[in-house]
Amino acid sequence: MKGNHLSKKLLESSRARLMASSQRSWSLSSLPLDMIEEIFHRSPAESLLRSKPTCKKWYDLIKNKRFIYEHLRRSPGRSLRTDERRFLRIDQTVQIMEPVTRTRSEKPIPHELQPLENIKAMVHCDGLMLCMCSDMESGIVHLALWNPLTRHITLIQPSTRFTTSDYYGIGHGVNKYRDGYKILRFSDRRYDNYHHHHHSEVDFEIYYCETSSWRTLDDAKVDWNVDFTCHGVSVMGNMYWLAHRDVEEEEELESCIIGFDFTAEKFMDVCFCHSIFDYNYLSCFGGDRLSLLQQNHDEPSLIEVWVSSKLADDGGDVSFTKYFSVVSSDLPWLHLDRSEDASHPVYYIAKNKRIIAWCEGMMDDGDRLPVWIILYEIDEDGVRNQLETERHYENDYVGTFLCGYVYVPSLVPLP
């Protein structure tokens, strides 16, 4: 027991040295490789990236795929105990917010994603961002797979062409180390005429990142439409969306959560939704569940947060339970409508029943109406803390909060 205690203290002490300064790397280099590996498993991905040039032994370890995926598996950001989650959004730069320390870093936007007003949506999986960019006038769409930490990016080539009415998802099978990542594309036929979508084009197909090839899903049939406000969330290698289907007998829409199983390569009904507010946001909770945050436009003083049961690998039954409600007159609108644009919050549910959200707000400033970018901490009693991170005026602000996302930095390489 005493030996284990000393080993743990040595690991934590060495990890602190790594994070504090690379000038002390000589003291770590003298340790056995298995102990160095254990220290690295407990270190943030950003610190490891800075450590790569230190020595060849470290470089070889950190770029090793087995180590990368084990580090990802152990990532504290995949649980509720210690948080490595970041908020990522794109304005004039790539902005990454660390909500716990409230620090923000900025990087240039990759030229593959420019011009920035064409960035329409992102989906996150294991530190990789699947980005959809489109020009509404020309109808030209392209996909990019991007690791913001390593700054590597690659364009995904279509089997025929991408369209502005497509939805996308990213995930992996049971063994992502062996089989790699997959991208799902499917079309929303509600906009066939508006977007000049040809009926002869593929409706459902999967892209295999390891082989750079597409496969058509001929058997895929659906009877639902994805909710306008939902771009999907990837959890445990599968994709989930909030969707609606017609109920002919009742002449109304039925709301549900649908998923796509990347191992079986098929859609699955996850569960029905009890009730739907004006604005509904789906996110990951605790690494293996879903959260649903709801707020009405006419009654912003109420926010409800629902959490699902654990998501099973085999797509078993899932149910939602109300986690907590917030009733307070000082609650902000998390969803902001500005003329033709709609801003969506970037949020996650933290421990002790708290909502951490980064979103836009508009406040009267005399003759001008500025757009405020605010980081909120909201608990059951209302707004606990708020921090203004930016202020813009509409005539000089593009606003791309539609593309904001919760992001966990990782060293996962691009295919």
# chains A, B, ... in the order shown; residues from 1 in each chain; ligands from 1
call {"tool": "select_by_dssp", "arguments": {"residues": "stretch 63-156 of chain A", "states": "alpha helix (DSSP H)", "output": "list in words"}}
result
Lys65, Arg66, Phe67, Ile68, Tyr69, Glu70, His71, Leu72 and Arg73 of chain A
call {"tool": "residues_around", "arguments": {"residues": "A:Ala357", "least_positions_apart": "3", "cutoff": "8 Å", "atoms": "only C-alpha atoms", "output": "PDB file with all heavy atoms, in the first residue's frame"}}
result
ATOM      1  N   PRO A 345     -26.878  28.222 -28.877  1.00  0.00           N
ATOM      2  CA  PRO A 345     -25.901  28.208 -27.786  1.00  0.00           C
ATOM      3  C   PRO A 345     -24.975  27.006 -27.884  1.00  0.00           C
ATOM      4  O   PRO A 345     -25.333  25.961 -28.427  1.00  0.00           O
ATOM      5  CB  PRO A 345     -26.785  28.101 -26.547  1.00  0.00           C
ATOM      6  CG  PRO A 345     -27.987  27.338 -27.007  1.00  0.00           C
ATOM      7  CD  PRO A 345     -28.221  27.815 -28.424  1.00  0.00           C
ATOM      8  N   VAL A 346     -23.782  27.187 -27.364  1.00  0.00           N
ATOM      9  CA  VAL A 346     -22.862  26.076 -27.158  1.00  0.00           C
ATOM     10  C   VAL A 346     -22.907  25.793 -25.661  1.00  0.00           C
ATOM     11  O   VAL A 346     -22.647  26.678 -24.859  1.00  0.00           O
ATOM     12  CB  VAL A 346     -21.436  26.445 -27.587  1.00  0.00           C
ATOM     13  CG1 VAL A 346     -20.544  25.220 -27.537  1.00  0.00           C
ATOM     14  CG2 VAL A 346     -21.429  27.063 -28.966  1.00  0.00           C
ATOM     15  N   TYR A 347     -23.260  24.584 -25.281  1.00  0.00           N
ATOM     16  CA  TYR A 347     -23.456  24.329 -23.851  1.00  0.00           C
ATOM     17  C   TYR A 347     -23.091  22.898 -23.498  1.00  0.00           C
ATOM     18  O   TYR A 347     -22.989  22.008 -24.346  1.00  0.00           O
ATOM     19  CB  TYR A 347     -24.927  24.571 -23.465  1.00  0.00           C
ATOM     20  CG  TYR A 347     -25.809  23.349 -23.657  1.00  0.00           C
ATOM     21  CD1 TYR A 347     -26.077  22.493 -22.586  1.00  0.00           C
ATOM     22  CD2 TYR A 347     -26.329  23.012 -24.907  1.00  0.00           C
ATOM     23  CE1 TYR A 347     -26.849  21.360 -22.753  1.00  0.00           C
ATOM     24  CE2 TYR A 347     -27.102  21.885 -25.081  1.00  0.00           C
ATOM     25  CZ  TYR A 347     -27.359  21.050 -24.001  1.00  0.00           C
ATOM     26  OH  TYR A 347     -28.122  19.914 -24.171  1.00  0.00           O
ATOM     27  N   TYR A 348     -22.886  22.673 -22.206  1.00  0.00           N
ATOM     28  CA  TYR A 348     -22.885  21.320 -21.657  1.00  0.00           C
ATOM     29  C   TYR A 348     -23.424  21.391 -20.233  1.00  0.00           C
ATOM     30  O   TYR A 348     -23.502  22.464 -19.615  1.00  0.00           O
ATOM     31  CB  TYR A 348     -21.495  20.661 -21.705  1.00  0.00           C
ATOM     32  CG  TYR A 348     -20.428  21.293 -20.851  1.00  0.00           C
ATOM     33  CD1 TYR A 348     -20.306  20.986 -19.496  1.00  0.00           C
ATOM     34  CD2 TYR A 348     -19.489  22.164 -21.411  1.00  0.00           C
ATOM     35  CE1 TYR A 348     -19.314  21.542 -18.716  1.00  0.00           C
ATOM     36  CE2 TYR A 348     -18.488  22.733 -20.640  1.00  0.00           C
ATOM     37  CZ  TYR A 348     -18.402  22.421 -19.293  1.00  0.00           C
ATOM     38  OH  TYR A 348     -17.415  22.982 -18.520  1.00  0.00           O
ATOM     39  N   LEU A 375     -20.457  34.185 -21.674  1.00  0.00           N
ATOM     40  CA  LEU A 375     -20.294  32.869 -21.067  1.00  0.00           C
ATOM     41  C   LEU A 375     -21.133  32.845 -19.785  1.00  0.00           C
ATOM     42  O   LEU A 375     -20.914  33.653 -18.874  1.00  0.00           O
ATOM     43  CB  LEU A 375     -18.826  32.599 -20.744  1.00  0.00           C
ATOM     44  CG  LEU A 375     -18.509  31.264 -20.060  1.00  0.00           C
ATOM     45  CD1 LEU A 375     -18.769  30.100 -21.005  1.00  0.00           C
ATOM     46  CD2 LEU A 375     -17.061  31.240 -19.573  1.00  0.00           C
ATOM     47  N   TYR A 376     -22.125  31.951 -19.739  1.00  0.00           N
ATOM     48  CA  TYR A 376     -23.033  31.859 -18.592  1.00  0.00           C
ATOM     49  C   TYR A 376     -22.757  30.605 -17.780  1.00  0.00           C
ATOM     50  O   TYR A 376     -22.456  29.532 -18.337  1.00  0.00           O
ATOM     51  CB  TYR A 376     -24.490  31.790 -19.057  1.00  0.00           C
ATOM     52  CG  TYR A 376     -25.050  33.071 -19.631  1.00  0.00           C
ATOM     53  CD1 TYR A 376     -25.192  33.228 -21.005  1.00  0.00           C
ATOM     54  CD2 TYR A 376     -25.476  34.106 -18.798  1.00  0.00           C
ATOM     55  CE1 TYR A 376     -25.726  34.393 -21.550  1.00  0.00           C
ATOM     56  CE2 TYR A 376     -26.013  35.278 -19.325  1.00  0.00           C
ATOM     57  CZ  TYR A 376     -26.128  35.413 -20.696  1.00  0.00           C
ATOM     58  OH  TYR A 376     -26.658  36.563 -21.222  1.00  0.00           O
ATOM     59  N   GLU A 377     -22.914  30.743 -16.479  1.00  0.00           N
ATOM     60  CA  GLU A 377     -23.018  29.593 -15.580  1.00  0.00           C
ATOM     61  C   GLU A 377     -24.383  29.696 -14.903  1.00  0.00           C
ATOM     62  O   GLU A 377     -24.667  30.670 -14.200  1.00  0.00           O
ATOM     63  CB  GLU A 377     -21.908  29.594 -14.534  1.00  0.00           C
ATOM     64  CG  GLU A 377     -21.999  28.410 -13.578  1.00  0.00           C
ATOM     65  CD  GLU A 377     -20.934  28.454 -12.492  1.00  0.00           C
ATOM     66  OE1 GLU A 377     -20.113  29.400 -12.493  1.00  0.00           O
ATOM     67  OE2 GLU A 377     -20.944  27.555 -11.635  1.00  0.00           O
TER      68      GLU A 377
END
call {"tool": "select_by_dssp", "arguments": {"residues": "stretch 24-195 of chain A", "states": "strand (DSSP E or B)", "output": "JSON, numbers by chain"}}
result
{"A": [86, 87, 88, 89, 90, 94, 95, 96, 97, 98, 103, 104, 105, 106, 107, 119, 120, 121, 122, 123, 124, 125, 128, 129, 130, 131, 132, 133, 134, 141, 142, 143, 144, 145, 146, 147, 152, 153, 154, 155, 156, 166, 167, 168, 169, 170, 171, 172, 181, 182, 183, 184, 185, 186, 187]}
call {"tool": "closest_residue", "arguments": {"among": "A:Ser134, A:Arg245, A:Phe267, A:Cys256", "to": "A:Asp219", "atoms": "only C-alpha atoms"}}
result
A:Phe267
call {"tool": "closest_residue", "arguments": {"among": "A:Lys310, A:Lys176, A:Lys221, A:Arg391", "to": "A:Asp288", "atoms": "only C-alpha atoms"}}
result
A:Lys310
